[in-house]
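Enquirer: final10.txt is reproduced in full below (compact mmCIF, C-alpha atoms).
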```txt
# COMPACT_ATOMS: atom_id res chain seq x y z
CA CYS A 1 18.51 13.66 -96.46
CA ASN A 2 18.02 16.73 -98.61
CA PRO A 3 17.93 20.27 -97.14
CA GLU A 4 14.14 20.45 -97.28
CA ASN A 5 13.66 17.25 -95.30
CA LEU A 6 16.38 18.14 -92.81
CA SER A 7 14.94 21.60 -92.19
CA ARG A 8 11.48 20.12 -91.68
CA ILE A 9 12.83 17.55 -89.21
CA LEU A 10 14.66 20.24 -87.27
CA MET A 11 11.78 22.72 -87.29
CA GLU A 12 8.88 20.33 -86.74
CA GLY A 13 10.35 17.24 -85.10
CA GLY A 14 10.60 16.60 -81.39
CA HIS A 15 8.15 17.68 -78.73
CA ASN A 16 5.33 19.91 -80.02
CA HIS A 17 7.58 22.06 -82.23
CA THR A 18 4.75 22.67 -84.65
CA SER A 19 2.59 24.22 -81.93
CA TYR A 20 5.08 26.97 -81.11
CA ASP A 21 5.93 30.08 -83.10
CA ARG A 22 9.54 29.95 -82.10
CA GLY A 23 12.79 29.06 -83.78
CA VAL A 24 15.30 26.30 -83.29
CA LYS A 25 18.94 26.57 -82.27
CA VAL A 26 21.51 23.86 -82.92
CA VAL A 27 25.01 23.59 -81.46
CA HIS A 28 27.20 21.55 -83.81
CA LEU A 29 30.48 20.35 -82.29
CA VAL A 30 33.43 19.93 -84.67
CA ARG A 31 37.14 19.27 -84.30
CA ASP A 32 40.23 19.56 -86.46
CA PRO A 33 40.28 16.25 -88.41
CA PHE A 34 43.98 15.69 -87.81
CA ASN A 35 43.49 16.18 -84.07
CA ILE A 36 40.60 13.71 -84.15
CA ALA A 37 42.70 11.15 -85.99
CA THR A 38 45.73 11.32 -83.71
CA SER A 39 43.65 11.47 -80.52
CA ASN A 40 41.48 8.57 -81.68
CA TYR A 41 44.51 6.39 -82.43
CA ARG A 42 46.29 7.14 -79.16
CA TYR A 43 43.13 6.56 -77.15
CA HIS A 44 42.37 3.15 -78.60
CA ALA A 45 45.84 1.67 -79.18
CA ARG A 46 46.28 0.35 -75.65
CA MET A 47 45.41 -2.36 -73.20
CA PRO A 48 43.11 -2.70 -71.45
CA THR A 49 40.89 -1.48 -74.24
CA PRO A 50 38.76 1.51 -73.17
CA GLU A 51 35.81 0.57 -75.42
CA PRO A 52 34.53 -2.93 -76.27
CA TRP A 53 33.40 -2.16 -79.85
CA ILE A 54 37.01 -2.12 -81.02
CA ARG A 55 37.10 -5.91 -80.53
CA HIS A 56 34.34 -6.64 -83.05
CA GLN A 57 34.14 -3.80 -85.59
CA ASP A 58 35.32 -4.26 -89.15
CA PRO A 59 36.94 -0.89 -89.94
CA CYS A 60 36.52 -1.40 -93.69
CA ASP A 61 32.81 -2.26 -93.71
CA ILE A 62 31.01 0.68 -95.33
CA MET A 63 27.61 -0.97 -95.81
CA TYR A 64 24.39 -0.36 -93.89
CA PRO A 65 21.88 -3.19 -93.25
CA ASP A 66 19.42 -1.58 -95.70
CA GLY A 67 21.89 -1.90 -98.60
CA PHE A 68 23.13 1.69 -98.67
CA SER A 69 26.78 2.50 -98.20
CA PHE A 70 28.34 5.29 -96.17
CA ALA A 71 29.52 6.75 -99.49
CA ASP A 72 25.86 7.09 -100.50
CA MET A 73 25.31 9.21 -97.39
CA VAL A 74 28.20 11.67 -97.63
CA LEU A 75 29.40 11.92 -101.24
CA PRO A 76 26.36 13.79 -102.64
CA ALA A 77 27.07 16.79 -100.41
CA MET A 78 30.86 16.61 -100.74
CA SER A 79 31.28 16.26 -104.50
CA PHE A 80 31.35 20.01 -105.27
CA SER A 81 34.24 22.43 -105.49
CA HIS A 82 32.26 25.62 -104.76
CA TYR A 83 30.21 26.25 -101.62
CA ASP A 84 29.18 29.90 -101.89
CA TYR A 85 26.98 29.70 -98.79
CA LEU A 86 30.05 28.63 -96.78
CA ASP A 87 32.39 31.04 -98.55
CA VAL A 88 34.52 28.06 -99.64
CA ASP A 89 36.04 27.57 -103.09
CA PHE A 90 38.36 24.66 -103.91
CA GLY A 91 38.96 25.79 -107.47
CA ASP A 92 38.82 22.85 -109.86
CA GLU A 93 39.04 20.25 -107.08
CA PRO A 94 35.87 18.88 -105.45
CA LEU A 95 35.85 18.48 -101.70
CA LEU A 96 35.87 14.69 -102.08
CA ARG A 97 35.91 12.50 -105.15
CA THR A 98 34.36 9.04 -105.32
CA SER A 99 37.77 7.73 -106.35
CA GLU A 100 39.33 9.23 -103.20
CA PHE A 101 36.75 7.51 -101.00
CA GLU A 102 37.56 4.25 -102.80
CA ASP A 103 41.30 4.84 -102.30
CA ILE A 104 40.77 5.11 -98.53
CA LEU A 105 38.71 1.92 -98.62
CA SER A 106 41.44 0.12 -100.59
CA ASP A 107 44.11 1.23 -98.12
CA CYS A 108 41.95 0.00 -95.23
CA ARG A 109 41.52 -3.40 -96.87
CA ALA A 110 45.26 -3.61 -97.57
CA LEU A 111 45.96 -3.19 -93.85
CA TYR A 112 43.16 -5.21 -92.24
CA ARG A 113 43.66 -8.95 -91.73
CA THR A 114 46.35 -9.18 -94.40
CA GLN A 115 49.47 -9.71 -92.27
CA PRO A 116 50.73 -13.04 -90.84
CA GLY A 117 49.24 -13.62 -87.41
CA LEU A 118 46.47 -11.08 -87.94
CA GLU A 119 44.33 -13.01 -90.43
CA ASN A 120 41.55 -13.28 -87.81
CA GLY A 121 42.66 -10.41 -85.61
CA THR A 122 40.44 -7.73 -84.17
CA LEU A 123 40.91 -4.04 -84.88
CA LEU A 124 42.51 -3.78 -81.44
CA ASP A 125 44.97 -6.58 -82.31
CA HIS A 126 46.05 -4.59 -85.35
CA LEU A 127 46.58 -1.38 -83.38
CA LEU A 128 48.68 -3.18 -80.77
CA ASN A 129 50.83 -5.00 -83.33
CA TYR A 130 51.23 -2.45 -86.10
CA ASP A 131 53.86 0.26 -86.03
CA PRO A 132 52.29 3.70 -85.47
CA PRO A 133 52.26 4.75 -89.17
CA GLU A 134 50.26 1.67 -90.20
CA GLY A 135 48.15 1.79 -87.05
CA ILE A 136 47.06 5.38 -87.51
CA ARG A 137 46.35 4.77 -91.21
CA LEU A 138 44.00 1.93 -90.33
CA MET A 139 42.30 3.80 -87.51
CA THR A 140 41.92 6.94 -89.61
CA SER A 141 40.37 4.89 -92.41
CA GLU A 142 37.80 3.70 -89.89
CA MET A 143 37.14 7.31 -88.91
CA MET A 144 36.67 8.25 -92.57
CA ILE A 145 34.64 5.50 -94.21
CA GLN A 146 33.08 3.19 -91.58
CA GLY A 147 29.86 5.07 -91.05
CA TYR A 148 27.44 2.39 -89.85
CA ASP A 149 28.98 1.41 -86.54
CA ASN A 150 31.34 3.70 -84.61
CA GLY A 151 33.33 5.21 -87.47
CA GLY A 152 32.95 7.81 -90.18
CA ASP A 153 33.14 10.81 -87.85
CA ILE A 154 35.54 12.84 -90.01
CA LEU A 155 33.51 12.72 -93.22
CA ARG A 156 30.24 12.92 -91.32
CA MET A 157 31.44 16.11 -89.63
CA ALA A 158 32.18 17.77 -92.98
CA ASN A 159 28.90 16.53 -94.42
CA ASN A 160 26.97 17.93 -91.46
CA ILE A 161 28.56 21.37 -91.76
CA ILE A 162 27.27 21.52 -95.33
CA LYS A 163 23.84 20.10 -94.50
CA PHE A 164 23.22 22.35 -91.52
CA ARG A 165 24.06 25.45 -93.56
CA GLN A 166 21.78 24.30 -96.37
CA ALA A 167 18.98 23.75 -93.84
CA GLU A 168 19.52 27.24 -92.36
CA LEU A 169 19.14 28.82 -95.79
CA THR A 170 16.13 26.67 -96.62
CA VAL A 171 14.31 27.79 -93.47
CA ALA A 172 15.26 31.44 -94.09
CA ASN A 173 13.67 31.22 -97.56
CA THR A 174 10.53 29.28 -96.60
CA GLU A 175 7.48 31.49 -96.10
CA GLU A 176 5.84 28.89 -93.89
CA TYR A 177 8.48 29.67 -91.26
CA THR A 178 9.35 33.30 -91.94
CA SER A 179 5.69 34.35 -91.78
CA ARG A 180 5.58 32.97 -88.24
CA GLY A 181 8.94 34.45 -87.23
CA LYS A 182 10.53 31.02 -86.94
CA SER A 183 14.22 30.68 -87.74
CA LEU A 184 16.94 28.04 -87.63
CA GLU A 185 20.31 29.04 -86.18
CA VAL A 186 23.35 26.76 -86.10
CA TYR A 187 26.43 27.49 -84.01
CA THR A 188 29.43 25.40 -85.11
CA MET A 189 31.63 25.14 -82.03
CA SER A 190 35.26 24.03 -82.24
CA LEU A 191 36.21 21.44 -79.63
CA ASP A 192 39.85 22.38 -80.20
CA ASP A 193 39.04 25.92 -79.01
CA PHE A 194 36.99 24.52 -76.16
CA ILE A 195 39.84 22.31 -74.94
CA LEU A 196 42.21 25.30 -74.98
CA ASN A 197 39.80 27.74 -73.34
CA PRO A 198 36.68 26.08 -71.87
CA GLU A 199 35.62 29.22 -70.02
CA ARG A 200 35.58 31.46 -73.09
CA MET A 201 33.81 28.84 -75.21
CA ALA A 202 31.22 28.18 -72.50
CA HIS A 203 30.50 31.93 -72.44
CA ARG A 204 30.07 31.96 -76.24
CA PHE A 205 27.74 28.97 -75.95
CA LEU A 206 25.57 30.79 -73.41
CA ASP A 207 25.51 33.95 -75.54
CA PHE A 208 24.30 31.92 -78.52
CA VAL A 209 21.64 30.09 -76.53
CA PHE A 210 20.27 33.21 -74.81
CA GLU A 211 20.42 35.66 -77.73
CA GLY A 212 16.98 36.52 -79.09
CA THR A 213 15.13 34.54 -76.41
CA SER A 214 13.22 35.40 -73.26
CA ALA A 215 16.46 34.70 -71.36
CA SER A 216 18.47 37.33 -73.26
CA HIS A 217 18.23 39.61 -70.23
CA VAL A 218 20.53 37.34 -68.18
CA PRO A 219 23.36 39.69 -67.12
CA THR A 220 26.84 39.21 -68.50
CA LYS A 221 28.23 38.79 -64.98
CA HIS A 222 25.99 35.75 -64.43
CA ARG A 223 27.10 34.24 -67.72
CA LYS A 224 30.73 34.80 -66.79
CA LYS A 225 30.17 33.21 -63.39
CA ALA A 226 28.53 30.15 -64.97
CA SER A 227 31.37 29.89 -67.50
CA LYS A 228 34.01 29.97 -64.74
CA ARG A 229 32.16 27.26 -62.84
CA TYR A 230 32.04 25.14 -65.96
CA ARG A 231 35.79 25.61 -66.53
CA SER A 232 36.47 24.34 -63.01
CA PHE A 233 34.16 21.38 -63.57
CA TYR A 234 35.87 20.54 -66.87
CA GLU A 235 39.38 20.80 -65.44
CA GLN A 236 38.47 18.49 -62.57
CA LYS A 237 36.84 16.00 -64.93
CA LYS A 238 39.90 16.05 -67.19
CA LYS A 239 42.07 14.82 -64.31
CA PHE A 240 40.06 11.64 -63.88
CA SER A 241 38.39 10.97 -67.22
CA LYS A 242 39.84 8.11 -69.27
CA HIS A 243 38.27 9.53 -72.41
CA ILE A 244 40.50 12.60 -72.60
CA THR A 245 43.85 11.75 -74.19
CA SER A 246 46.99 13.40 -72.95
CA GLY A 247 50.72 12.91 -73.24
CA SER A 248 52.56 11.44 -76.20
CA GLU A 249 52.82 7.73 -75.45
CA VAL A 250 50.58 5.02 -76.83
CA LYS A 251 50.15 3.12 -73.60
CA GLY A 252 49.76 -0.62 -73.86
CA SER A 253 51.37 -0.91 -77.28
CA ARG A 254 54.10 -3.48 -77.69
CA HIS A 255 56.32 -0.63 -78.90
CA SER A 256 58.38 1.00 -76.15
CA LYS A 257 59.04 4.23 -78.05
CA ASN A 258 56.94 7.30 -77.49
CA VAL A 259 54.55 8.41 -80.21
CA ASP A 260 54.41 12.14 -80.69
CA SER A 261 51.10 13.56 -81.92
CA GLY A 262 52.93 16.05 -84.11
CA GLU A 263 54.82 13.26 -85.85
CA LEU A 264 51.61 11.30 -86.39
CA GLU A 265 49.87 14.35 -87.82
CA ALA A 266 52.80 15.09 -90.13
CA TYR A 267 52.69 11.51 -91.35
CA LEU A 268 48.97 11.76 -92.16
CA ARG A 269 49.36 15.09 -93.95
CA ASN A 270 52.15 13.72 -96.16
CA PHE A 271 50.70 10.24 -96.78
```
Could I get this structure in the form of structure tokens?
Expert:
Amino acid sequence: CNPENLSRILMEGGHNHTSYDRGVKVVHLVRDPFNIATSNYRYHARMPTPEPWIRHQDPCDIMYPDGFSFADMVLPAMSFSHYDYLDVDFGDEPLLRTSEFEDILSDCRALYRTQPGLENGTLLDHLLNYDPPEGIRLMTSEMMIQGYDNGGDILRMANNIIKFRQAELTVANTEEYTSRGKSLEVYTMSLDDFILNPERMAHRFLDFVFEGTSASHVPTKHRKKASKRYRSFYEQKKKFSKHITSGSEVKGSRHSKNVDSGELEAYLRNF
């Protein structure tokens, strides 16, 4: 949706937002796209499969039931080379060309159900039978262009960064909100930073949430205590959670060799 509609949804949607003269805060979680791609591949390329959707999803299907494509959703915001409000300038190169989206789609179709024995295979079958370079290409394509089902996270993340900033500026320049002291604030939090230092990032999260509110008086020592407790909770959860990837081996693959995340990332960067 356009910035005006998004800002209105954020400022007036939900439970009785229109009846309060208060602003809205949004925490937007992002992650380095190469880390997402390698983690996503390593997490799913194993047996037993951790998530059932990987047995039925077509990674190259970009269409929505209403006839729109995922490209229709993300390309309008990503087709520029200058984003002054983000302090980003790509020179003569747009962030994403339509032709580049189509190239990713073509590569996905070249890999999916084209090899002997995989003509009717599931996405999981492909990940278990492909060598890591082909496997991560296919899975990263799904993370780029398959927006209707479980994919598209990488392009959607970039699109949302742009859209949230546009919505912030729209609210800041709309008298309907400024006259009532209502503002929109977006905190883009890096999951990569959070994984490395959950206590520090939890403290930053609390500072953002409390700042400018009736809870701003909460002492720093209480915030630090809550952040330390959250770090302990996260570290315990990490020991037992199957959704947090660790190590360098793609468990369950027919390949006995280890797969190093750095090697996978280097392959993607140079492909």
Enquirer: Show me the residues around (34.1, -0.3, -79.3) - criterion: an atom at most 12 Å away, all atoms listed in the file counted - as a PyMOL selection string.
Expert: chain A and resi 40+43-45+49-59+122-124+142+149-151
Enquirer: Within 9 Å of His126 in chain A, counting all atoms listed in the file, which residues qualify if same-chain residues fewer than 4 places away don't, as number ranges by chain?
Expert: A: 45, 111-113, 118, 121-122, 130, 134-135, 138
Enquirer: Taking into account only C-alpha atoms, which residue in the set A:Ser141, A:Phe70, A:Leu10, A:Thr188 is nearest to Gly23 in chain A?
Expert: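 Comparing A:Ser141, A:Phe70, A:Leu10, A:Thr188 against Gly23 in chain A, the winner is A:Leu10.
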Enquirer: May I have the protein, DNA and RNA residues with any atom at most 12 Å from the point (44.1, 16.5, -87.6), counting all atoms listed in the file, written as a ChimeraX atom specification?
Expert: /A:30-41,136,140,143,154,192,261-269
Enquirer: Do you know which residues are at most 12 Å from Ile161 in chain A counting all atoms listed in the file, after dropping those on the same chain fewer than 4 positions away, and could you put them as JSON, numbers by chain?
Expert: {"A": [3, 26, 27, 28, 29, 30, 31, 74, 77, 78, 83, 85, 86, 88, 154, 155, 156, 157, 165, 166, 167, 168, 186, 187, 188, 189, 190]}
Enquirer: Could you tell me how far CA of Lys182 in chain A lies from CA of Val24 in chain A, in Å and to one decimal?
Expert: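 Pair CA of Lys182 in chain A / CA of Val24 in chain A returns 7.6 Å.
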Enquirer: Would you work out the distance separating CA of Pro198 in chain A from CA of Arg231 in chain A, expressed in Å to one decimal?
Expert: 5.4 Å
Enquirer: For CA of Glu211 in chain A and CA of Ala172 in chain A, quote the distance in Å rounded to one decimal.
Expert: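 Separation of CA of Glu211 in chain A and CA of Ala172 in chain A: 17.7 Å.
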Enquirer: Counting only C-alpha atoms, which residue out of A:Arg8, A:Gly91, A:Cys60, A:His82 sits closest to Arg109 in chain A?
Expert: A:Cys60
Enquirer: Would you mind telling me which residue in A:Leu191, A:Ile62, A:Leu184, A:Leu127 lies nearest to Val171 in chain A when using all atoms listed in the file?
Expert: A:Leu184
